[in-house]
Amino acid sequence: MSVSIRGRFRNVPVLVWMVLIALLLRLAVIPFDTIENLMDANHIHAWEQGNVARALLAGHGFGSPFASNQPSAIMPPVYPLVVAVLFHFFGIHTARSIFAVHAFDCLINSLACIPVFLVARRSFGPRVALWAGWAWVFSPYGIYFSAAWAWSTHLLLLCLYWLLCLAQELEVSPRLGLWAGFGLLAGFAGLTEPSILVVVTFLLGLAAWRLAHAGKRWLLPGLVASVVLAATISPWLIRDAVVFHRFIPMRDSMGLELWMGNNGYAVRWTSDQKHPLHDASELAAYNGGELAYMDQKKEQAEAYIHQHPRWYARMSARRALYLWTGFWSFNKDYLAMEPADLENIPFATCLTLLGLLGLFLAWRRQPFEALRYSGVLFLFPVVYYFTHPEPYHMRPLDPLLAILGCYAILTLTGRAGDTSAPAPAHRDAEKSAGPAPTFG
C-alpha cells in the first residue's frame, strides 16, 4: 500500500507540487499578519482599493479611493473589480472578505510558479527552471507580500511572467493568434497596473526585431498585437474621457505621486503624512475636484524640482538605490518608521547582486536572453526613480532575479546542465514550409 501511495505521489507533476506548497505557505502566514493589514476597515479610512470596490457595489461606478464621493481615475479598474466581486459574496470589509482577498492574492502569487518555471526552462534549461520554481515557492518576499499586502502587485506579477512566456514564443513565431493573445494579456495587465506598458512595448519591439532578423513577417503580427492591446484598454480610456472631459493616460494620479516624493521631505522615501488619506487640508483640497488637485500637485512638484535640481538628482539616485538594495537611511527617525530595513537590506542587496551576476553570465553565453531580461529589469522601475518608491514596486521583478540568481549559482558550480533554449514544437513545421514574407 505504501509503495502504491508513493508511486501516486511521484506521478504528480512538479508544477502542481510547487503551486500547492507555495499556496499553503502563503495562506499559513495570513493569520499572523499584524504589520500591514491593508484591508482592515479602520486602516487609513477603509483601504484605497476597498473604497473603490465599495463605490462599485453601491452603483456609483469607479469612485474615489479616498474619503470622497467623487468619481476617480486614480485606480486602474481590474483589481478594484476583483475586490468588488469578493465583497459582493463575503461582505464589505468583513472578516470573511478580508481573508478572501488575501487568499486570492496568495493563490495568484502561487500560480506564478508555472510561468516562472516555463520562462526559466526556455531560457536556461530544465535544471535552472526547477531551481527557480522552488526558489519562488520559498521566496520570503513572495510569502510575506502575498499574505500581507492586498494590492494589484500579485496579479501584475502573474501577468508579467505569462507575458514573458509568450514573448519568448513571439520571437520565433509570426502566428497572428499568438500575437493577438499577447496583446489581449498586455491590455489586461495595463488595466491592472499601467507601469507594465513600458515593458510590453519593449517585448513587442524585441520580438518584431528578431522576426525581421530571421526573415519572417513581423509588421502584420505587430499591428495585430497593438490593435488588440488598444482595443482592450480603450473602454477605460473612453470612460475617463466621458467622465472627466479630458484624455487621461490610464490614471490621473501622476501629479500626486510626483509631489509625494518631491516636496523637500527626505527622511523617508515618501511623505505619507502629506497624503489626502492622512492630512485633512489635503483631503479638503482634493474634494474640490480630483483633476484640479492633481494638476496643482504636479505644478508644485515641478516647481520644487526646478528650484532644487541637485536635490532632485540626489533623491532620484537614492530612490534607485533603495529599490535595488532596500537601503534608504540609518537615521534613527527613519528606522523607527521602517524597523525591518536592517534585516531586509542584506537580503535585498544579495538578491540583486546575484541576479546581476546571472545577467552577466547570460550576456556572455546567451545574449538574446540577457537582452530580454535586461529590458524588463531596468525599464520597469524607472518611473519610480523620479516620482517615489514603495517596497511593493519591485516585487514583480523578484522571480526574474530568482531565475538569474539560480542560473548564476548553477553555472558557477558547473551544475546548470544544458542551458540551450528548447525549440518550440512548431519551429520545424515553419522551416519545412519555407520562409514567410518579410511584411504581412
# chains A, B, ... in the order shown; residues from 1 in each chain; ligands from 1

call {"tool": "select_by_dssp", "arguments": {"residues": "stretch 324-385 of chain A", "states": "alpha helix (DSSP H)", "output": "ChimeraX atom specification"}}
result
/A:324-325,332-337,341-365,367-379,382-385

call {"tool": "residues_around", "arguments": {"residues": "stretch 378-385 of chain A", "least_positions_apart": "6", "cutoff": "10 Å", "atoms": "only C-alpha atoms", "output": "PyMOL selection string"}}
result
chain A and resi 195-200+202+257-258+261+313+315-324+393-394+396-397

call {"tool": "closest_residue", "arguments": {"among": "A:Pro71, A:Ala402, A:Arg175, A:Leu356", "to": "A:Gly59", "atoms": "only C-alpha atoms"}}
result
A:Pro71

call {"tool": "residues_around", "arguments": {"residues": "A:Ser152", "least_positions_apart": "5", "cutoff": "8 Å", "atoms": "only C-alpha atoms", "output": "NGL selection string"}}
result
:A and (79 or 192-193)

call {"tool": "write_last_selection", "arguments": {"atoms": "all heavy atoms", "output": "JSON list (two decimals), in the first residue's frame"}}
result
[["chain", "number", "residue", "atom", "x", "y", "z"],
["A", 79, "TYR", "N", -8.14, 45.43, -10.45],
["A", 79, "TYR", "CA", -8.12, 44.92, -9.08],
["A", 79, "TYR", "C", -9.31, 45.39, -8.26],
["A", 79, "TYR", "O", -9.88, 44.59, -7.49],
["A", 79, "TYR", "CB", -6.80, 45.28, -8.41],
["A", 79, "TYR", "CG", -6.55, 44.47, -7.15],
["A", 79, "TYR", "CD1", -6.23, 43.12, -7.23],
["A", 79, "TYR", "CD2", -6.65, 45.05, -5.90],
["A", 79, "TYR", "CE1", -6.01, 42.37, -6.08],
["A", 79, "TYR", "CE2", -6.42, 44.32, -4.75],
["A", 79, "TYR", "CZ", -6.11, 42.97, -4.85],
["A", 79, "TYR", "OH", -5.90, 42.24, -3.70],
["A", 192, "THR", "N", -4.43, 46.53, -15.05],
["A", 192, "THR", "CA", -4.12, 46.16, -13.68],
["A", 192, "THR", "C", -3.13, 47.14, -13.07],
["A", 192, "THR", "O", -3.31, 47.62, -11.95],
["A", 192, "THR", "CB", -3.53, 44.74, -13.63],
["A", 192, "THR", "OG1", -4.47, 43.82, -14.20],
["A", 192, "THR", "CG2", -3.21, 44.32, -12.19],
["A", 193, "GLU", "N", -2.08, 47.45, -13.83],
["A", 193, "GLU", "CA", -1.08, 48.43, -13.41],
["A", 193, "GLU", "C", -0.43, 49.00, -14.67],
["A", 193, "GLU", "O", 0.36, 48.31, -15.32],
["A", 193, "GLU", "CB", -0.04, 47.80, -12.49],
["A", 193, "GLU", "CG", 1.10, 48.72, -12.10],
["A", 193, "GLU", "CD", 0.62, 50.07, -11.60],
["A", 193, "GLU", "OE1", -0.08, 50.12, -10.57],
["A", 193, "GLU", "OE2", 0.94, 51.08, -12.27]]

call {"tool": "residues_around", "arguments": {"residues": "A:Ser110", "least_positions_apart": "2", "cutoff": "6 Å", "atoms": "only C-alpha atoms", "output": "JSON, numbers by chain"}}
result
{"A": [19, 22, 23, 107, 108, 112, 113]}

call {"tool": "write_last_selection", "arguments": {"atoms": "N, CA, C and O atoms", "output": "PDB file, in the first residue's frame"}}
result
ATOM      1  N   VAL A  19       2.926  24.789  -6.873  1.00  0.00           N
ATOM      2  CA  VAL A  19       1.797  25.683  -6.627  1.00  0.00           C
ATOM      3  C   VAL A  19       1.131  25.364  -5.287  1.00  0.00           C
ATOM      4  O   VAL A  19       0.823  26.271  -4.502  1.00  0.00           O
ATOM      5  N   ALA A  22       3.501  26.363  -2.353  1.00  0.00           N
ATOM      6  CA  ALA A  22       3.557  27.827  -2.283  1.00  0.00           C
ATOM      7  C   ALA A  22       2.271  28.389  -1.692  1.00  0.00           C
ATOM      8  O   ALA A  22       2.299  29.286  -0.837  1.00  0.00           O
ATOM      9  N   LEU A  23       1.126  27.870  -2.114  1.00  0.00           N
ATOM     10  CA  LEU A  23      -0.153  28.366  -1.622  1.00  0.00           C
ATOM     11  C   LEU A  23      -0.316  28.095  -0.132  1.00  0.00           C
ATOM     12  O   LEU A  23      -0.748  28.977   0.631  1.00  0.00           O
ATOM     13  N   LEU A 107      -3.171  32.883  -3.889  1.00  0.00           N
ATOM     14  CA  LEU A 107      -3.360  31.954  -4.999  1.00  0.00           C
ATOM     15  C   LEU A 107      -2.678  32.479  -6.262  1.00  0.00           C
ATOM     16  O   LEU A 107      -1.961  31.740  -6.952  1.00  0.00           O
ATOM     17  N   ILE A 108      -2.917  33.751  -6.570  1.00  0.00           N
ATOM     18  CA  ILE A 108      -2.328  34.348  -7.769  1.00  0.00           C
ATOM     19  C   ILE A 108      -0.805  34.315  -7.685  1.00  0.00           C
ATOM     20  O   ILE A 108      -0.111  33.988  -8.655  1.00  0.00           O
ATOM     21  N   ALA A 112       2.077  31.862 -10.061  1.00  0.00           N
ATOM     22  CA  ALA A 112       3.205  32.390 -10.827  1.00  0.00           C
ATOM     23  C   ALA A 112       4.341  31.384 -10.935  1.00  0.00           C
ATOM     24  O   ALA A 112       5.214  31.537 -11.801  1.00  0.00           O
ATOM     25  N   CYS A 113       4.355  30.354 -10.081  1.00  0.00           N
ATOM     26  CA  CYS A 113       5.367  29.303 -10.206  1.00  0.00           C
ATOM     27  C   CYS A 113       5.374  28.700 -11.613  1.00  0.00           C
ATOM     28  O   CYS A 113       6.433  28.320 -12.124  1.00  0.00           O
TER      29      CYS A 113
END

call {"tool": "closest_residue", "arguments": {"among": "A:Leu15, A:Ala212, A:Ile238, A:Ala148", "to": "A:Pro174", "atoms": "only C-alpha atoms"}}
result
A:Ala212

call {"tool": "residues_around", "arguments": {"residues": "A:Pro221", "least_positions_apart": "4", "cutoff": "12 Å", "atoms": "only C-alpha atoms", "output": "PyMOL selection string"}}
result
chain A and resi 170-183+204-205+207-209+211-212+216-217+225-228+438-440

call {"tool": "write_last_selection", "arguments": {"atoms": "C-alpha atoms", "output": "compact mmCIF listing (two decimals), in the first residue's frame"}}
result
# COMPACT_ATOMS: atom_id res chain seq x y z
CA LEU A 170 6.66 35.63 -30.34
CA GLU A 171 10.34 35.95 -31.16
CA VAL A 172 10.23 32.79 -33.29
CA SER A 173 6.62 32.70 -34.49
CA PRO A 174 4.59 35.19 -36.56
CA ARG A 175 1.30 33.38 -35.86
CA LEU A 176 -1.37 36.08 -35.62
CA GLY A 177 -3.36 34.28 -32.93
CA LEU A 178 -0.31 34.19 -30.68
CA TRP A 179 0.36 37.89 -31.16
CA ALA A 180 -3.30 38.73 -30.59
CA GLY A 181 -3.23 36.75 -27.34
CA PHE A 182 -0.18 38.71 -26.24
CA GLY A 183 -1.97 41.98 -26.99
CA LEU A 204 6.89 43.67 -28.71
CA GLY A 205 9.74 45.63 -30.26
CA ALA A 207 10.06 40.18 -30.85
CA ALA A 208 9.42 42.12 -34.06
CA TRP A 209 13.13 42.82 -34.47
CA LEU A 211 11.42 38.04 -36.54
CA ALA A 212 12.64 40.61 -39.07
CA LYS A 216 9.93 36.32 -41.15
CA ARG A 217 6.93 38.60 -41.30
CA ALA A 225 -0.93 42.79 -31.15
CA SER A 226 -1.04 46.59 -30.97
CA VAL A 227 -4.65 46.81 -32.16
CA VAL A 228 -5.82 44.16 -29.68
CA THR A 438 9.08 39.87 -44.56
CA PHE A 439 5.97 42.09 -44.37
CA GLY A 440 2.47 41.00 -43.50

call {"tool": "residues_around", "arguments": {"residues": "A:Asn287", "least_positions_apart": "6", "cutoff": "10 Å", "atoms": "only C-alpha atoms", "output": "list in words"}}
result
Ser64, Phe66, Ala67, Ser68, Asn69, Gln70, Pro276, Ser281 and Tyr293 of chain A
